[in-house]
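Below is one structure, written out as structure tokens; comments come after it.
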Amino acid sequence: SAVCMAYLSNPRGCVLVTDAMAAMGLGDGDHHLGSMRVCIKEGRATLAGTDTLAGSVVSMDTCVKRFRQFTGCEIGKALLCATLHPAMVLKRHVARQKRGDGGRAELDAPIGILEVGSKADLVVLNDELDVLGTWVGGVLQCNNR
């Protein structure tokens, strides 16, 4: 597949993203995207009454699962494409200076890595890459156990 060829040509440059709309995870039915009515059916979001795509309803865990199917890569390699690689593109994988309130210089914690001093945003997955829990800023936000 094209995805596999792209990955094999530059594994470290591979970045997984999702542009999922707010209706992601709500299931089949009619929803809204701003002022537009959107119909979701079998994972496909279209403007109501048309075949025009309205956007994506694919979650990041599903992106990772599909990526593994397309490429046959190891779980760890797929997860790097969803964590460290995007952080590297944004140059956020290392601590950096930022201006805080009142113009004071502050240290902005890195993202996309799991080490002391990095942002405490974390998703725990099982071996099938299903989400078991989500922490944001070190606080449990979702527990699917």
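Following the order of the structure tokens, chains are lettered A, B, ..., residues in each are numbered from 1, and ligands are numbered from 1.
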
Report the closest atom pair, with its distance in Å rounded to one decimal, for each residue of segment 70-108 of chain A that has an atom no farther than 12 Å from segment 118-142 of chain A; count only C-alpha atoms, sort by chain and then rising residue number, and write it as a Markdown table.
```
| residue | atom | partner | partner_atom | distance |
| --- | --- | --- | --- | --- |
| A:Glu74 | CA | A:Asp127 | CA | 11.5 |
| A:Ile75 | CA | A:Leu129 | CA | 8.4 |
| A:Gly76 | CA | A:Leu129 | CA | 10.8 |
| A:Ala78 | CA | A:Leu129 | CA | 10.5 |
| A:Leu79 | CA | A:Leu129 | CA | 9.6 |
| A:Ala82 | CA | A:Val123 | CA | 11.4 |
| A:Thr83 | CA | A:Leu122 | CA | 10.2 |
| A:Leu84 | CA | A:Ser118 | CA | 12.0 |
| A:Ala87 | CA | A:Lys119 | CA | 11.6 |
| A:Arg92 | CA | A:Ser118 | CA | 10.0 |
| A:His93 | CA | A:Ser118 | CA | 8.7 |
| A:Val94 | CA | A:Ser118 | CA | 8.3 |
| A:Ala95 | CA | A:Ser118 | CA | 7.8 |
| A:Arg96 | CA | A:Ser118 | CA | 11.1 |
| A:Leu107 | CA | A:Ser118 | CA | 10.6 |
| A:Asp108 | CA | A:Lys119 | CA | 8.7 |
```

Quiz item: What's the 10 Å shell around Val64 of chain A, counting only C-alpha atoms, without same-chain residues fewer than 2 positions away, as a list in words?
Solution: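 In the requested format, the answer is Leu16, Val17, Ser59, Met60, Asp61, Thr62, Arg66, Phe67, Arg68, Gln69, Phe70, Ile75, Lys77, Ala78, Leu79, Leu80, Cys81, Ala82 and Leu129 of chain A.
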
So that I can check the secondary structure, give me every residue of segment 46-135 of chain A assigned helix (DSSP H, G or I) by backbone DSSP, as a ChimeraX atom specification. /A:60-71,75-82,84-89,101-103

Could those residues be written to a file, using N, CA and C atoms, as an mmCIF file, in the first residue's frame?
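The resulting part37.cif:
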```cif
data_model
loop_
_atom_site.group_PDB
_atom_site.id
_atom_site.type_symbol
_atom_site.label_atom_id
_atom_site.label_comp_id
_atom_site.auth_asym_id
_atom_site.auth_seq_id
_atom_site.Cartn_x
_atom_site.Cartn_y
_atom_site.Cartn_z
ATOM 1 N N MET A 60 -7.410 8.430 17.321
ATOM 2 C CA MET A 60 -5.983 8.156 17.178
ATOM 3 C C MET A 60 -5.670 6.681 17.423
ATOM 4 N N ASP A 61 -6.345 6.052 18.378
ATOM 5 C CA ASP A 61 -6.057 4.635 18.604
ATOM 6 C C ASP A 61 -6.429 3.806 17.371
ATOM 7 N N THR A 62 -7.505 4.170 16.696
ATOM 8 C CA THR A 62 -7.879 3.487 15.458
ATOM 9 C C THR A 62 -6.853 3.766 14.365
ATOM 10 N N CYS A 63 -6.345 5.004 14.297
ATOM 11 C CA CYS A 63 -5.284 5.329 13.328
ATOM 12 C C CYS A 63 -4.071 4.422 13.544
ATOM 13 N N VAL A 64 -3.671 4.243 14.792
ATOM 14 C CA VAL A 64 -2.510 3.411 15.096
ATOM 15 C C VAL A 64 -2.781 1.959 14.700
ATOM 16 N N LYS A 65 -3.965 1.458 15.030
ATOM 17 C CA LYS A 65 -4.320 0.080 14.661
ATOM 18 C C LYS A 65 -4.291 -0.105 13.149
ATOM 19 N N ARG A 66 -4.881 0.810 12.411
ATOM 20 C CA ARG A 66 -4.909 0.708 10.946
ATOM 21 C C ARG A 66 -3.511 0.843 10.354
ATOM 22 N N PHE A 67 -2.710 1.721 10.933
ATOM 23 C CA PHE A 67 -1.340 1.900 10.470
ATOM 24 C C PHE A 67 -0.572 0.585 10.584
ATOM 25 N N ARG A 68 -0.759 -0.107 11.700
ATOM 26 C CA ARG A 68 -0.092 -1.403 11.878
ATOM 27 C C ARG A 68 -0.572 -2.410 10.840
ATOM 28 N N GLN A 69 -1.866 -2.385 10.537
ATOM 29 C CA GLN A 69 -2.398 -3.292 9.506
ATOM 30 C C GLN A 69 -1.785 -2.981 8.147
ATOM 31 N N PHE A 70 -1.677 -1.705 7.823
ATOM 32 C CA PHE A 70 -1.161 -1.293 6.513
ATOM 33 C C PHE A 70 0.333 -1.578 6.363
ATOM 34 N N THR A 71 1.097 -1.447 7.464
ATOM 35 C CA THR A 71 2.556 -1.531 7.372
ATOM 36 C C THR A 71 3.147 -2.812 7.932
ATOM 37 N N ILE A 75 4.309 -2.735 17.303
ATOM 38 C CA ILE A 75 3.480 -1.802 18.073
ATOM 39 C C ILE A 75 4.289 -0.574 18.482
ATOM 40 N N GLY A 76 5.485 -0.793 18.998
ATOM 41 C CA GLY A 76 6.310 0.322 19.450
ATOM 42 C C GLY A 76 6.625 1.316 18.346
ATOM 43 N N LYS A 77 6.894 0.811 17.155
ATOM 44 C CA LYS A 77 7.193 1.694 16.017
ATOM 45 C C LYS A 77 5.954 2.507 15.630
ATOM 46 N N ALA A 78 4.793 1.868 15.647
ATOM 47 C CA ALA A 78 3.550 2.583 15.328
ATOM 48 C C ALA A 78 3.274 3.668 16.363
ATOM 49 N N LEU A 79 3.526 3.360 17.626
ATOM 50 C CA LEU A 79 3.281 4.349 18.685
ATOM 51 C C LEU A 79 4.235 5.532 18.581
ATOM 52 N N LEU A 80 5.453 5.297 18.136
ATOM 53 C CA LEU A 80 6.375 6.421 17.912
ATOM 54 C C LEU A 80 5.817 7.379 16.861
ATOM 55 N N CYS A 81 5.135 6.829 15.862
ATOM 56 C CA CYS A 81 4.557 7.665 14.799
ATOM 57 C C CYS A 81 3.395 8.515 15.310
ATOM 58 N N ALA A 82 2.823 8.134 16.451
ATOM 59 C CA ALA A 82 1.703 8.880 17.030
ATOM 60 C C ALA A 82 2.112 9.735 18.223
ATOM 61 N N LEU A 84 6.185 10.493 19.592
ATOM 62 C CA LEU A 84 7.461 11.201 19.465
ATOM 63 C C LEU A 84 7.615 11.905 18.121
ATOM 64 N N HIS A 85 7.286 11.248 17.038
ATOM 65 C CA HIS A 85 7.494 11.863 15.715
ATOM 66 C C HIS A 85 6.703 13.167 15.540
ATOM 67 N N PRO A 86 5.406 13.205 15.909
ATOM 68 C CA PRO A 86 4.706 14.499 15.805
ATOM 69 C C PRO A 86 5.332 15.566 16.710
ATOM 70 N N ALA A 87 5.761 15.164 17.908
ATOM 71 C CA ALA A 87 6.403 16.118 18.816
ATOM 72 C C ALA A 87 7.691 16.664 18.212
ATOM 73 N N MET A 88 8.410 15.809 17.498
ATOM 74 C CA MET A 88 9.648 16.255 16.850
ATOM 75 C C MET A 88 9.360 17.254 15.731
ATOM 76 N N VAL A 89 8.306 17.008 14.958
ATOM 77 C CA VAL A 89 7.931 17.949 13.891
ATOM 78 C C VAL A 89 7.628 19.321 14.486
ATOM 79 N N ASP A 101 3.005 34.416 32.078
ATOM 80 C CA ASP A 101 2.258 35.606 32.478
ATOM 81 C C ASP A 101 3.230 36.697 32.909
ATOM 82 N N GLY A 102 2.984 37.891 32.489
ATOM 83 C CA GLY A 102 3.846 39.015 32.835
ATOM 84 C C GLY A 102 5.149 39.034 32.063
ATOM 85 N N GLY A 103 5.260 38.190 31.024
ATOM 86 C CA GLY A 103 6.455 38.200 30.198
ATOM 87 C C GLY A 103 7.639 37.453 30.779
#
```

Discussion item. Restricting the calculation to only C-alpha atoms: of A:Val57, A:Leu33, A:Leu90, A:Ala2, which residue gets closest to Val15 of chain A?
Written reply: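 Checking each of A:Val57, A:Leu33, A:Leu90, A:Ala2 against Val15 of chain A, counting only C-alpha atoms, the winner is A:Leu90.
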
Closest of A:His31, A:Gln97, A:Glu42, A:Leu53 to Ala109 of chain A, counting only C-alpha atoms, is A:Gln97

Based on the backbone DSSP call, show me all residues of segment 7-63 of chain A assigned strand (DSSP E or B), as a ChimeraX atom specification. /A:20,29-33,36-41,44-47,53-56

Would you output that residue set with C-alpha atoms, as a PDB file, in the first residue's frame?
```
ATOM      1  CA  ALA A  20     -11.477  14.044  13.769  1.00  0.00           C
ATOM      2  CA  GLY A  29     -26.696   9.202  13.594  1.00  0.00           C
ATOM      3  CA  ASP A  30     -27.204  12.895  12.906  1.00  0.00           C
ATOM      4  CA  HIS A  31     -24.825  15.356  14.544  1.00  0.00           C
ATOM      5  CA  HIS A  32     -23.721  18.957  14.033  1.00  0.00           C
ATOM      6  CA  LEU A  33     -20.479  20.461  12.777  1.00  0.00           C
ATOM      7  CA  MET A  36     -24.089  22.057   9.390  1.00  0.00           C
ATOM      8  CA  ARG A  37     -25.937  18.811   9.962  1.00  0.00           C
ATOM      9  CA  VAL A  38     -23.683  15.798   9.587  1.00  0.00           C
ATOM     10  CA  CYS A  39     -24.732  12.192   9.149  1.00  0.00           C
ATOM     11  CA  ILE A  40     -22.410   9.521  10.516  1.00  0.00           C
ATOM     12  CA  LYS A  41     -22.920   6.018   9.207  1.00  0.00           C
ATOM     13  CA  ARG A  44     -18.160   7.844   7.485  1.00  0.00           C
ATOM     14  CA  ALA A  45     -19.257  11.441   8.112  1.00  0.00           C
ATOM     15  CA  THR A  46     -21.131  13.234   5.321  1.00  0.00           C
ATOM     16  CA  LEU A  47     -23.117  16.451   5.112  1.00  0.00           C
ATOM     17  CA  LEU A  53     -17.488  14.131   3.190  1.00  0.00           C
ATOM     18  CA  ALA A  54     -17.778  16.367   6.238  1.00  0.00           C
ATOM     19  CA  GLY A  55     -14.581  15.287   7.952  1.00  0.00           C
ATOM     20  CA  SER A  56     -13.120  12.423   9.902  1.00  0.00           C
TER      21      SER A  56
END
```

To one decimal place in Å, what is the distance between atom CA of Asn144 of chain A and atom CA of Met21 of chain A?
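Taking atom CA of Asn144 of chain A as the start and atom CA of Met21 of chain A as the end point, the length is 21.6 Å.
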
Margin query: Ranking A:Ala6, A:Gly72, A:Ile111, A:Arg104 by minimum distance to Lys91 of chain A and counting only C-alpha atoms, which one comes first?
Written below: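 Checking each of A:Ala6, A:Gly72, A:Ile111, A:Arg104 against Lys91 of chain A, counting only C-alpha atoms, the winner is A:Ile111.
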
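Between atom CA of Thr18 of chain A and atom CA of Val3 of chain A there is a distance of 14.9 Å.
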